[in-house]
>>> print(open('protein04.txt').read())   # compact mmCIF, C-alpha atoms
# COMPACT_ATOMS: atom_id res chain seq x y z
CA MET A 1147 0.00 0.00 0.00
CA SER A 1148 1.27 3.52 -0.81
CA ASN A 1149 1.98 6.14 1.79
CA ALA A 1150 -0.74 8.62 2.62
CA MET A 1151 -0.56 11.92 0.70
CA ASP A 1152 1.73 14.37 2.41
CA VAL A 1153 -0.14 17.41 3.72
CA PRO A 1154 1.65 20.47 5.13
CA GLY A 1155 1.49 20.38 8.90
CA ARG A 1156 0.42 16.75 9.04
CA ILE A 1157 2.46 13.65 9.56
CA SER A 1158 2.00 11.07 6.81
CA MET A 1159 0.89 7.64 7.94
CA PRO A 1160 3.33 4.78 7.46
CA ASP A 1161 2.63 1.77 5.26
CA ARG A 1162 0.36 -0.77 6.93
CA PHE A 1163 2.33 -3.66 5.50
CA ASP A 1164 5.93 -3.94 4.44
CA ARG A 1165 6.51 -4.50 0.78
CA MET A 1166 6.89 -8.23 0.11
CA GLY A 1167 10.10 -9.33 -1.52
CA ALA A 1168 10.32 -11.95 -4.26
CA GLY A 1169 11.63 -14.59 -1.85
CA ALA A 1170 8.85 -14.02 0.69
CA PHE A 1171 6.24 -14.07 -2.09
CA MET A 1172 7.53 -17.42 -3.37
CA ALA A 1173 7.52 -18.81 0.17
CA TYR A 1174 3.86 -17.85 0.64
CA VAL A 1175 2.99 -19.41 -2.72
CA VAL A 1176 4.75 -22.65 -1.76
CA VAL A 1177 2.98 -22.80 1.63
CA LEU A 1178 -0.41 -22.10 0.01
CA ALA A 1179 0.19 -24.78 -2.65
CA PHE A 1180 1.22 -27.29 0.01
CA PHE A 1181 -1.90 -26.48 2.04
CA ILE A 1182 -4.16 -27.03 -0.98
CA TRP A 1183 -2.38 -30.28 -1.79
CA SER A 1184 -2.69 -31.42 1.84
CA LEU A 1185 -6.43 -30.68 1.79
CA ASN A 1186 -6.76 -33.04 -1.15
CA LYS A 1187 -4.56 -35.77 0.33
CA THR A 1188 -6.31 -35.74 3.70
CA GLY A 1189 -9.70 -36.20 2.08
CA VAL A 1190 -11.29 -33.09 3.57
CA SER A 1191 -14.85 -32.97 2.24
CA LEU A 1192 -17.67 -30.67 3.30
CA THR A 1193 -20.11 -33.03 1.60
CA ASP A 1194 -18.99 -35.95 3.75
CA LEU A 1195 -19.07 -33.73 6.83
CA VAL A 1196 -22.65 -32.60 6.21
CA GLY A 1197 -23.65 -36.16 5.26
CA GLY A 1198 -22.28 -37.40 8.58
CA PHE A 1199 -24.54 -35.18 10.68
CA PRO A 1200 -27.44 -37.70 10.69
CA GLN A 1201 -25.08 -40.44 11.91
CA MET A 1202 -23.76 -38.15 14.61
CA GLY A 1203 -27.32 -37.34 15.64
CA ARG A 1204 -28.13 -41.06 15.82
CA LEU A 1205 -25.04 -41.67 17.97
CA ILE A 1206 -25.91 -38.86 20.36
CA GLY A 1207 -29.47 -40.21 20.55
CA GLU A 1208 -28.14 -43.63 21.61
CA MET A 1209 -25.89 -42.00 24.22
CA LEU A 1210 -28.78 -40.28 25.95
CA PRO A 1211 -29.58 -40.69 28.72
CA PRO A 1212 -26.16 -41.78 30.08
CA SER A 1213 -26.15 -45.13 31.82
CA THR A 1214 -25.74 -45.38 35.59
CA ALA A 1215 -25.26 -49.14 35.63
CA ARG A 1216 -21.49 -49.11 36.16
CA LEU A 1217 -20.92 -45.91 38.08
CA GLU A 1218 -18.80 -47.60 40.75
CA ALA A 1219 -16.47 -49.22 38.20
CA VAL A 1220 -16.20 -45.95 36.30
CA GLY A 1221 -15.40 -44.09 39.52
CA TRP A 1222 -12.57 -46.46 40.44
CA ALA A 1223 -11.18 -46.31 36.91
CA LEU A 1224 -11.33 -42.50 37.06
CA LEU A 1225 -9.45 -42.52 40.36
CA GLU A 1226 -6.81 -44.80 38.85
CA THR A 1227 -6.47 -42.39 35.94
CA PHE A 1228 -5.77 -39.46 38.24
CA GLN A 1229 -3.36 -41.53 40.34
CA MET A 1230 -1.38 -42.36 37.19
CA ALA A 1231 -1.27 -38.70 36.23
CA PHE A 1232 -0.34 -37.51 39.73
CA VAL A 1233 2.41 -40.07 40.41
CA GLY A 1234 3.81 -39.78 36.90
CA THR A 1235 3.91 -35.99 37.12
CA VAL A 1236 5.55 -35.87 40.55
CA VAL A 1237 8.23 -38.41 39.66
CA GLY A 1238 8.76 -36.85 36.24
CA VAL A 1239 9.16 -33.35 37.72
CA LEU A 1240 11.64 -34.57 40.33
CA LEU A 1241 13.73 -36.33 37.70
CA SER A 1242 13.51 -33.32 35.37
CA VAL A 1243 15.20 -30.93 37.79
CA PRO A 1244 18.73 -32.45 37.79
CA ILE A 1245 18.50 -33.22 34.06
CA ALA A 1246 17.49 -29.61 33.40
CA VAL A 1247 20.46 -28.36 35.44
CA LEU A 1248 22.79 -30.42 33.26
CA ALA A 1249 20.99 -29.05 30.17
CA THR A 1250 21.58 -25.41 31.19
CA PRO A 1251 24.74 -24.07 29.48
CA HIS A 1252 26.22 -22.04 32.36
CA LEU A 1253 25.29 -24.62 35.03
CA SER A 1254 26.34 -27.88 33.37
CA PRO A 1255 29.75 -29.02 34.65
CA HIS A 1256 30.92 -30.28 31.25
CA PRO A 1257 29.91 -29.78 27.58
CA VAL A 1258 29.51 -33.53 27.11
CA LEU A 1259 26.98 -33.71 29.97
CA TYR A 1260 25.21 -30.66 28.54
CA HIS A 1261 24.75 -32.23 25.12
CA LEU A 1262 23.75 -35.61 26.60
CA ALA A 1263 21.10 -33.94 28.78
CA ARG A 1264 19.80 -31.85 25.88
CA ASN A 1265 19.53 -34.89 23.62
CA LEU A 1266 17.82 -36.91 26.36
CA ILE A 1267 15.21 -34.19 26.86
CA ALA A 1268 14.69 -33.86 23.09
CA PHE A 1269 14.30 -37.62 22.68
CA ALA A 1270 11.81 -37.91 25.55
CA ARG A 1271 9.84 -34.99 24.15
CA THR A 1272 9.89 -36.16 20.53
CA VAL A 1273 8.48 -39.65 21.07
CA PRO A 1274 4.71 -39.43 21.82
CA ASP A 1275 3.52 -40.67 25.20
CA LEU A 1276 1.27 -43.20 23.47
CA VAL A 1277 4.37 -44.83 21.95
CA TRP A 1278 6.05 -44.89 25.36
CA ALA A 1279 2.93 -46.56 26.77
CA LEU A 1280 3.07 -49.27 24.10
CA LEU A 1281 6.74 -49.91 24.87
CA PHE A 1282 6.13 -50.13 28.62
CA VAL A 1283 3.07 -52.37 28.17
CA VAL A 1284 5.33 -54.82 26.36
CA SER A 1285 8.05 -54.40 29.02
CA VAL A 1286 6.14 -54.48 32.32
CA GLY A 1287 2.73 -55.74 31.23
CA LEU A 1288 -0.77 -54.29 31.13
CA GLY A 1289 -1.94 -51.96 33.85
CA PRO A 1290 -1.41 -48.52 35.36
CA PHE A 1291 2.31 -49.03 36.01
CA ALA A 1292 3.01 -48.92 32.29
CA GLY A 1293 0.95 -45.76 31.94
CA THR A 1294 2.70 -44.14 34.90
CA LEU A 1295 6.12 -44.86 33.40
CA ALA A 1296 5.01 -43.37 30.08
CA ILE A 1297 3.88 -40.19 31.85
CA VAL A 1298 7.20 -39.98 33.72
CA ILE A 1299 9.17 -40.06 30.47
CA ASP A 1300 6.82 -37.55 28.86
CA LYS A 1301 7.24 -35.16 31.82
CA ILE A 1302 11.04 -35.42 31.62
CA GLY A 1303 10.85 -34.20 28.05
CA PHE A 1304 8.26 -31.51 28.75
CA CYS A 1305 9.45 -30.16 32.11
CA GLY A 1306 13.14 -30.67 31.39
CA ARG A 1307 12.97 -28.27 28.47
CA PHE A 1308 11.05 -25.52 30.26
CA PHE A 1309 13.02 -25.91 33.50
CA ALA A 1310 16.30 -25.50 31.59
CA GLU A 1311 15.00 -22.42 29.76
CA ALA A 1312 13.78 -20.89 33.04
CA MET A 1313 17.20 -21.36 34.68
CA GLU A 1314 18.96 -20.03 31.60
CA GLU A 1315 16.87 -16.84 31.69
CA THR A 1316 17.51 -16.04 35.37
CA ASP A 1317 19.44 -12.91 36.28
CA ARG A 1318 23.18 -13.64 36.25
CA GLY A 1319 24.02 -10.80 38.67
CA PRO A 1320 23.32 -12.65 41.94
CA GLN A 1321 25.00 -15.75 40.56
CA GLU A 1322 28.16 -13.82 39.70
CA ALA A 1323 28.13 -12.21 43.15
CA LEU A 1324 27.93 -15.60 44.85
CA SER A 1325 30.70 -16.96 42.63
CA ALA A 1326 32.89 -13.97 43.54
CA MET A 1327 32.31 -14.77 47.22
CA GLY A 1328 33.63 -18.28 46.64
CA SER A 1329 30.34 -20.20 46.52
CA GLY A 1330 30.41 -23.55 44.79
CA ARG A 1331 28.18 -24.68 41.95
CA PHE A 1332 25.70 -26.43 44.25
CA SER A 1333 25.33 -23.40 46.53
CA LEU A 1334 24.92 -21.12 43.51
CA ILE A 1335 22.13 -23.30 42.13
CA MET A 1336 20.29 -23.72 45.41
CA CYS A 1337 20.62 -20.12 46.66
CA SER A 1338 20.26 -18.13 43.44
CA VAL A 1339 19.09 -20.11 40.40
CA PHE A 1340 16.31 -22.18 41.95
CA PRO A 1341 14.65 -19.30 43.91
CA ALA A 1342 14.65 -17.11 40.79
CA ALA A 1343 13.25 -19.87 38.57
CA MET A 1344 10.79 -21.29 41.12
CA PRO A 1345 7.67 -19.46 39.79
CA SER A 1346 8.31 -20.92 36.35
CA PHE A 1347 8.93 -24.36 37.92
CA ILE A 1348 5.60 -24.26 39.75
CA ASN A 1349 3.67 -23.03 36.73
CA THR A 1350 5.16 -25.68 34.46
CA SER A 1351 4.58 -28.45 37.01
CA LEU A 1352 0.92 -27.58 37.48
CA PHE A 1353 0.36 -27.37 33.75
CA SER A 1354 2.09 -30.76 33.44
CA LEU A 1355 -0.43 -32.27 35.84
CA GLU A 1356 -3.29 -30.97 33.70
CA LYS A 1357 -1.64 -32.35 30.58
CA ALA A 1358 -0.93 -35.70 32.24
CA THR A 1359 -4.57 -36.05 33.32
CA ARG A 1360 -5.73 -35.73 29.71
CA SER A 1361 -2.93 -37.99 28.45
CA SER A 1362 -3.65 -40.75 30.95
CA VAL A 1363 -7.13 -41.17 29.45
CA ILE A 1364 -5.61 -41.94 26.04
CA LEU A 1365 -3.00 -44.30 27.49
CA GLY A 1366 -5.75 -46.60 28.71
CA LEU A 1367 -6.72 -47.29 25.09
CA VAL A 1368 -3.51 -49.33 24.66
CA GLY A 1369 -3.88 -51.20 27.95
CA ALA A 1370 -1.84 -48.83 30.13
CA GLY A 1371 -4.48 -48.57 32.83
CA GLY A 1372 -7.01 -45.92 33.68
CA ILE A 1373 -10.45 -45.15 32.37
CA GLY A 1374 -9.41 -45.26 28.73
CA ILE A 1375 -9.86 -49.04 28.59
CA GLU A 1376 -13.39 -48.65 29.98
CA LEU A 1377 -14.21 -46.22 27.18
CA LYS A 1378 -12.72 -48.50 24.54
CA VAL A 1379 -14.69 -51.52 25.78
CA ALA A 1380 -17.93 -49.51 25.88
CA MET A 1381 -17.45 -48.28 22.32
CA ASP A 1382 -16.43 -51.72 21.02
CA MET A 1383 -19.54 -53.27 22.59
CA PHE A 1384 -21.77 -50.48 21.19
CA ASN A 1385 -22.78 -49.52 24.73
CA TYR A 1386 -22.99 -45.86 23.82
CA ASP A 1387 -24.96 -44.91 26.92
CA GLU A 1388 -22.10 -46.23 29.08
CA ALA A 1389 -19.61 -44.43 26.84
CA ALA A 1390 -21.51 -41.19 27.47
CA THR A 1391 -21.19 -41.70 31.23
CA ILE A 1392 -17.44 -42.28 30.88
CA ILE A 1393 -16.99 -39.22 28.68
CA LEU A 1394 -18.86 -37.04 31.17
CA ALA A 1395 -16.74 -38.48 34.00
CA ILE A 1396 -13.55 -37.68 32.09
CA PHE A 1397 -14.78 -34.15 31.44
CA ALA A 1398 -15.55 -33.67 35.13
CA LEU A 1399 -12.08 -34.92 36.14
CA VAL A 1400 -10.26 -32.67 33.68
CA VAL A 1401 -12.26 -29.61 34.73
CA LEU A 1402 -11.69 -30.38 38.42
CA VAL A 1403 -7.93 -30.75 37.94
CA GLU A 1404 -7.76 -27.52 35.93
CA ARG A 1405 -9.71 -25.62 38.60
CA MET A 1406 -7.49 -27.01 41.37
CA SER A 1407 -4.41 -26.09 39.35
CA SER A 1408 -5.67 -22.54 38.85
CA VAL A 1409 -6.34 -22.14 42.58
CA LEU A 1410 -2.89 -23.45 43.51
CA ARG A 1411 -1.27 -21.23 40.89
CA ARG A 1412 -2.94 -18.12 42.34
CA LYS A 1413 -1.96 -19.02 45.89
CA MET A 1414 1.64 -20.04 45.15
CA LEU A 1415 2.67 -17.45 42.58
>>> encode(input="protein04.txt", output="structure tokens")
Amino acid sequence: MSNAMDVPGRISMPDRFDRMGAGAFMAYVVVLAFFIWSLNKTGVSLTDLVGGFPQMGRLIGEMLPPSTARLEAVGWALLETFQMAFVGTVVGVLLSVPIAVLATPHLSPHPVLYHLARNLIAFARTVPDLVWALLFVVSVGLGPFAGTLAIVIDKIGFCGRFFAEAMEETDRGPQEALSAMGSGRFSLIMCSVFPAAMPSFINTSLFSLEKATRSSVILGLVGAGGIGIELKVAMDMFNYDEAATIILAIFALVVLVERMSSVLRRKML
């Protein structure tokens, strides 16, 4: 867009958008072409979507009213789901702290340990938690233990990254002052780095618990414990009214955990 007409005594308005160069224009064209191609390859169809509304309506009709026949079993499975998420998050956060220290450039005692810690965090974060659950189901068998281990590894990847970034962004002034006074690495970390990064640690840990609660539902679909297996069985047996009860129970658990996390975040930060 051209600049506004210059008028004596008035300041001309700047361009709303920067002029696009040839390289940027080609990049936008490539992205747009890839998006259009991806729409075709993924089979996106408004016709199929609209045609599926009657089936969705039939499914919702069969889900209502939700069944109350297995409320006790659903309740215990829901409790197991939260226990998996809670234990996995706590253990994962505790293990993430020393790994994150090693993954922080100015805190790691050696470059080799720094790169090993960084790669470990990246590997744990890259592999989806559902894949970890499948691996642990094969290793330790079906049940919540496999799901808890999967959550632990997922939290190491998630928390380790954000913990390391939080410690890297802390003010170096107090750390340099402690070093000048002869403090060792451990004292520097405990007395300066951790207190400065603690709000970020708490925020990340609470968000991890929320994320783990949602993830633990999915892990049950592969036999890693929790309420996910109850949902899978209900859907496989076409017991849609029971599936509706389970879905509502999952929704209630997620909302409750998020509300508790918000309250704790306000009180602790």
>>> closest_atom_pairs(input="protein04.txt", of="range 1185-1249 of chain A", to="range 1360-1382 of chain A", cutoff="12 Å", atoms="all atoms listed in the file", output="tab-separated table")
residue	atom	partner	partner_atom	distance
A:Leu1205	CA	A:Met1381	CA	11.0
A:Glu1208	CA	A:Met1381	CA	11.7
A:Met1209	CA	A:Met1381	CA	10.7
A:Ser1213	CA	A:Ala1380	CA	11.0
A:Arg1216	CA	A:Glu1376	CA	10.2
A:Leu1217	CA	A:Glu1376	CA	11.4
A:Ala1219	CA	A:Glu1376	CA	8.8
A:Val1220	CA	A:Ile1373	CA	7.0
A:Gly1221	CA	A:Ile1373	CA	8.8
A:Trp1222	CA	A:Ile1373	CA	8.4
A:Ala1223	CA	A:Ile1373	CA	4.7
A:Leu1224	CA	A:Ile1373	CA	5.5
A:Leu1225	CA	A:Gly1372	CA	7.9
A:Glu1226	CA	A:Gly1372	CA	5.3
A:Thr1227	CA	A:Gly1372	CA	4.2
A:Phe1228	CA	A:Ser1362	CA	7.7
A:Gln1229	CA	A:Gly1372	CA	8.8
A:Met1230	CA	A:Ser1362	CA	6.8
A:Ala1231	CA	A:Ser1362	CA	6.1
A:Phe1232	CA	A:Ser1362	CA	9.9
A:Val1233	CA	A:Ser1362	CA	11.3
A:Gly1234	CA	A:Ser1362	CA	9.6
A:Thr1235	CA	A:Ser1362	CA	10.9
>>> write_last_selection(input="protein04.txt", atoms="C-alpha atoms", output="PDB file, in the frame of the given file")
ATOM      1  CA  LEU A1205     -25.040 -41.670  17.970  1.00  0.00           C
ATOM      2  CA  GLU A1208     -28.140 -43.630  21.610  1.00  0.00           C
ATOM      3  CA  MET A1209     -25.890 -42.000  24.220  1.00  0.00           C
ATOM      4  CA  SER A1213     -26.150 -45.130  31.820  1.00  0.00           C
ATOM      5  CA  ARG A1216     -21.490 -49.110  36.160  1.00  0.00           C
ATOM      6  CA  LEU A1217     -20.920 -45.910  38.080  1.00  0.00           C
ATOM      7  CA  ALA A1219     -16.470 -49.220  38.200  1.00  0.00           C
ATOM      8  CA  VAL A1220     -16.200 -45.950  36.300  1.00  0.00           C
ATOM      9  CA  GLY A1221     -15.400 -44.090  39.520  1.00  0.00           C
ATOM     10  CA  TRP A1222     -12.570 -46.460  40.440  1.00  0.00           C
ATOM     11  CA  ALA A1223     -11.180 -46.310  36.910  1.00  0.00           C
ATOM     12  CA  LEU A1224     -11.330 -42.500  37.060  1.00  0.00           C
ATOM     13  CA  LEU A1225      -9.450 -42.520  40.360  1.00  0.00           C
ATOM     14  CA  GLU A1226      -6.810 -44.800  38.850  1.00  0.00           C
ATOM     15  CA  THR A1227      -6.470 -42.390  35.940  1.00  0.00           C
ATOM     16  CA  PHE A1228      -5.770 -39.460  38.240  1.00  0.00           C
ATOM     17  CA  GLN A1229      -3.360 -41.530  40.340  1.00  0.00           C
ATOM     18  CA  MET A1230      -1.380 -42.360  37.190  1.00  0.00           C
ATOM     19  CA  ALA A1231      -1.270 -38.700  36.230  1.00  0.00           C
ATOM     20  CA  PHE A1232      -0.340 -37.510  39.730  1.00  0.00           C
ATOM     21  CA  VAL A1233       2.410 -40.070  40.410  1.00  0.00           C
ATOM     22  CA  GLY A1234       3.810 -39.780  36.900  1.00  0.00           C
ATOM     23  CA  THR A1235       3.910 -35.990  37.120  1.00  0.00           C
TER      24      THR A1235
END
>>> atom_distance(input="protein04.txt", atom1="CA of Cys1337 in chain A", atom2="CA of Ser1254 in chain A")
16.4 Å
>>> atom_distance(input="protein04.txt", atom1="CA of His1252 in chain A", atom2="CA of Leu1240 in chain A")
20.8 Å
>>> closest_residue(input="protein04.txt", among="A:Val1247, A:Ala1312, A:Val1283, A:Val1277", to="Leu1262 in chain A", atoms="only C-alpha atoms")
A:Val1247
>>> atom_distance(input="protein04.txt", atom1="CA of Ala1268 in chain A", atom2="CA of Pro1244 in chain A")
15.3 Å
>>> residues_near_point(input="protein04.txt", point="(-4.9, -33.2, 35.2)", cutoff="9 Å", atoms="all atoms listed in the file", output="list of chain:residue names")
A:Phe1228, A:Ala1231, A:Phe1232, A:Leu1352, A:Phe1353, A:Ser1354, A:Leu1355, A:Glu1356, A:Lys1357, A:Ala1358, A:Thr1359, A:Arg1360, A:Ser1361, A:Ser1362, A:Leu1399, A:Val1400, A:Val1401, A:Leu1402, A:Val1403, A:Glu1404, A:Ser1407
>>> residues_near_point(input="protein04.txt", point="(13.9, -35.2, 27.4)", cutoff="12 Å", atoms="all atoms listed in the file", output="NGL selection string")
:A and (1238-1239 or 1241-1246 or 1248-1249 or 1261-1275 or 1298-1310)
>>> axis_aligned_box(input="protein04.txt", around="range 1203-1215 of chain A", padding_each_side="5 Å", output="AutoDock Vina command-line options")
--center_x -27.3 --center_y -43.2 --center_z 25.6 --size_x 14.5 --size_y 21.8 --size_z 30.0
>>> decode(input="protein04.txt", residues="range 1230-1313 of chain A", atoms="C-alpha atoms", output="PDB file, in the first residue's frame")
ATOM      1  CA  MET A1230      -1.383 -42.360  37.194  1.00  0.00           C
ATOM      2  CA  ALA A1231      -1.272 -38.699  36.231  1.00  0.00           C
ATOM      3  CA  PHE A1232      -0.335 -37.510  39.728  1.00  0.00           C
ATOM      4  CA  VAL A1233       2.414 -40.066  40.411  1.00  0.00           C
ATOM      5  CA  GLY A1234       3.808 -39.783  36.896  1.00  0.00           C
ATOM      6  CA  THR A1235       3.909 -35.986  37.121  1.00  0.00           C
ATOM      7  CA  VAL A1236       5.545 -35.870  40.553  1.00  0.00           C
ATOM      8  CA  VAL A1237       8.232 -38.411  39.659  1.00  0.00           C
ATOM      9  CA  GLY A1238       8.763 -36.845  36.243  1.00  0.00           C
ATOM     10  CA  VAL A1239       9.157 -33.350  37.722  1.00  0.00           C
ATOM     11  CA  LEU A1240      11.636 -34.566  40.333  1.00  0.00           C
ATOM     12  CA  LEU A1241      13.731 -36.325  37.697  1.00  0.00           C
ATOM     13  CA  SER A1242      13.507 -33.322  35.369  1.00  0.00           C
ATOM     14  CA  VAL A1243      15.200 -30.935  37.790  1.00  0.00           C
ATOM     15  CA  PRO A1244      18.726 -32.454  37.793  1.00  0.00           C
ATOM     16  CA  ILE A1245      18.500 -33.222  34.065  1.00  0.00           C
ATOM     17  CA  ALA A1246      17.487 -29.615  33.397  1.00  0.00           C
ATOM     18  CA  VAL A1247      20.457 -28.356  35.444  1.00  0.00           C
ATOM     19  CA  LEU A1248      22.786 -30.415  33.255  1.00  0.00           C
ATOM     20  CA  ALA A1249      20.989 -29.053  30.172  1.00  0.00           C
ATOM     21  CA  THR A1250      21.581 -25.410  31.191  1.00  0.00           C
ATOM     22  CA  PRO A1251      24.737 -24.074  29.483  1.00  0.00           C
ATOM     23  CA  HIS A1252      26.222 -22.040  32.363  1.00  0.00           C
ATOM     24  CA  LEU A1253      25.291 -24.623  35.026  1.00  0.00           C
ATOM     25  CA  SER A1254      26.342 -27.875  33.368  1.00  0.00           C
ATOM     26  CA  PRO A1255      29.751 -29.022  34.654  1.00  0.00           C
ATOM     27  CA  HIS A1256      30.922 -30.284  31.247  1.00  0.00           C
ATOM     28  CA  PRO A1257      29.909 -29.776  27.585  1.00  0.00           C
ATOM     29  CA  VAL A1258      29.512 -33.529  27.115  1.00  0.00           C
ATOM     30  CA  LEU A1259      26.984 -33.706  29.967  1.00  0.00           C
ATOM     31  CA  TYR A1260      25.215 -30.658  28.542  1.00  0.00           C
ATOM     32  CA  HIS A1261      24.754 -32.227  25.116  1.00  0.00           C
ATOM     33  CA  LEU A1262      23.754 -35.607  26.603  1.00  0.00           C
ATOM     34  CA  ALA A1263      21.098 -33.938  28.783  1.00  0.00           C
ATOM     35  CA  ARG A1264      19.801 -31.849  25.883  1.00  0.00           C
ATOM     36  CA  ASN A1265      19.526 -34.887  23.624  1.00  0.00           C
ATOM     37  CA  LEU A1266      17.817 -36.912  26.364  1.00  0.00           C
ATOM     38  CA  ILE A1267      15.207 -34.188  26.855  1.00  0.00           C
ATOM     39  CA  ALA A1268      14.689 -33.860  23.094  1.00  0.00           C
ATOM     40  CA  PHE A1269      14.302 -37.622  22.679  1.00  0.00           C
ATOM     41  CA  ALA A1270      11.812 -37.914  25.553  1.00  0.00           C
ATOM     42  CA  ARG A1271       9.839 -34.994  24.152  1.00  0.00           C
ATOM     43  CA  THR A1272       9.891 -36.157  20.534  1.00  0.00           C
ATOM     44  CA  VAL A1273       8.482 -39.653  21.066  1.00  0.00           C
ATOM     45  CA  PRO A1274       4.709 -39.428  21.822  1.00  0.00           C
ATOM     46  CA  ASP A1275       3.517 -40.665  25.200  1.00  0.00           C
ATOM     47  CA  LEU A1276       1.273 -43.202  23.475  1.00  0.00           C
ATOM     48  CA  VAL A1277       4.370 -44.826  21.951  1.00  0.00           C
ATOM     49  CA  TRP A1278       6.053 -44.891  25.362  1.00  0.00           C
ATOM     50  CA  ALA A1279       2.926 -46.556  26.767  1.00  0.00           C
ATOM     51  CA  LEU A1280       3.074 -49.267  24.096  1.00  0.00           C
ATOM     52  CA  LEU A1281       6.741 -49.908  24.874  1.00  0.00           C
ATOM     53  CA  PHE A1282       6.131 -50.130  28.619  1.00  0.00           C
ATOM     54  CA  VAL A1283       3.067 -52.365  28.170  1.00  0.00           C
ATOM     55  CA  VAL A1284       5.334 -54.821  26.363  1.00  0.00           C
ATOM     56  CA  SER A1285       8.050 -54.397  29.024  1.00  0.00           C
ATOM     57  CA  VAL A1286       6.137 -54.476  32.321  1.00  0.00           C
ATOM     58  CA  GLY A1287       2.727 -55.735  31.229  1.00  0.00           C
ATOM     59  CA  LEU A1288      -0.773 -54.286  31.131  1.00  0.00           C
ATOM     60  CA  GLY A1289      -1.945 -51.961  33.854  1.00  0.00           C
ATOM     61  CA  PRO A1290      -1.411 -48.522  35.364  1.00  0.00           C
ATOM     62  CA  PHE A1291       2.315 -49.035  36.013  1.00  0.00           C
ATOM     63  CA  ALA A1292       3.010 -48.922  32.289  1.00  0.00           C
ATOM     64  CA  GLY A1293       0.951 -45.757  31.938  1.00  0.00           C
ATOM     65  CA  THR A1294       2.700 -44.136  34.903  1.00  0.00           C
ATOM     66  CA  LEU A1295       6.116 -44.859  33.403  1.00  0.00           C
ATOM     67  CA  ALA A1296       5.006 -43.373  30.085  1.00  0.00           C
ATOM     68  CA  ILE A1297       3.884 -40.190  31.846  1.00  0.00           C
ATOM     69  CA  VAL A1298       7.202 -39.980  33.716  1.00  0.00           C
ATOM     70  CA  ILE A1299       9.170 -40.057  30.468  1.00  0.00           C
ATOM     71  CA  ASP A1300       6.817 -37.549  28.861  1.00  0.00           C
ATOM     72  CA  LYS A1301       7.239 -35.159  31.817  1.00  0.00           C
ATOM     73  CA  ILE A1302      11.036 -35.423  31.621  1.00  0.00           C
ATOM     74  CA  GLY A1303      10.849 -34.196  28.047  1.00  0.00           C
ATOM     75  CA  PHE A1304       8.262 -31.513  28.751  1.00  0.00           C
ATOM     76  CA  CYS A1305       9.447 -30.164  32.115  1.00  0.00           C
ATOM     77  CA  GLY A1306      13.138 -30.667  31.390  1.00  0.00           C
ATOM     78  CA  ARG A1307      12.973 -28.266  28.466  1.00  0.00           C
ATOM     79  CA  PHE A1308      11.050 -25.520  30.261  1.00  0.00           C
ATOM     80  CA  PHE A1309      13.025 -25.906  33.504  1.00  0.00           C
ATOM     81  CA  ALA A1310      16.300 -25.505  31.585  1.00  0.00           C
ATOM     82  CA  GLU A1311      15.000 -22.425  29.759  1.00  0.00           C
ATOM     83  CA  ALA A1312      13.777 -20.891  33.038  1.00  0.00           C
ATOM     84  CA  MET A1313      17.195 -21.356  34.680  1.00  0.00           C
TER      85      MET A1313
END
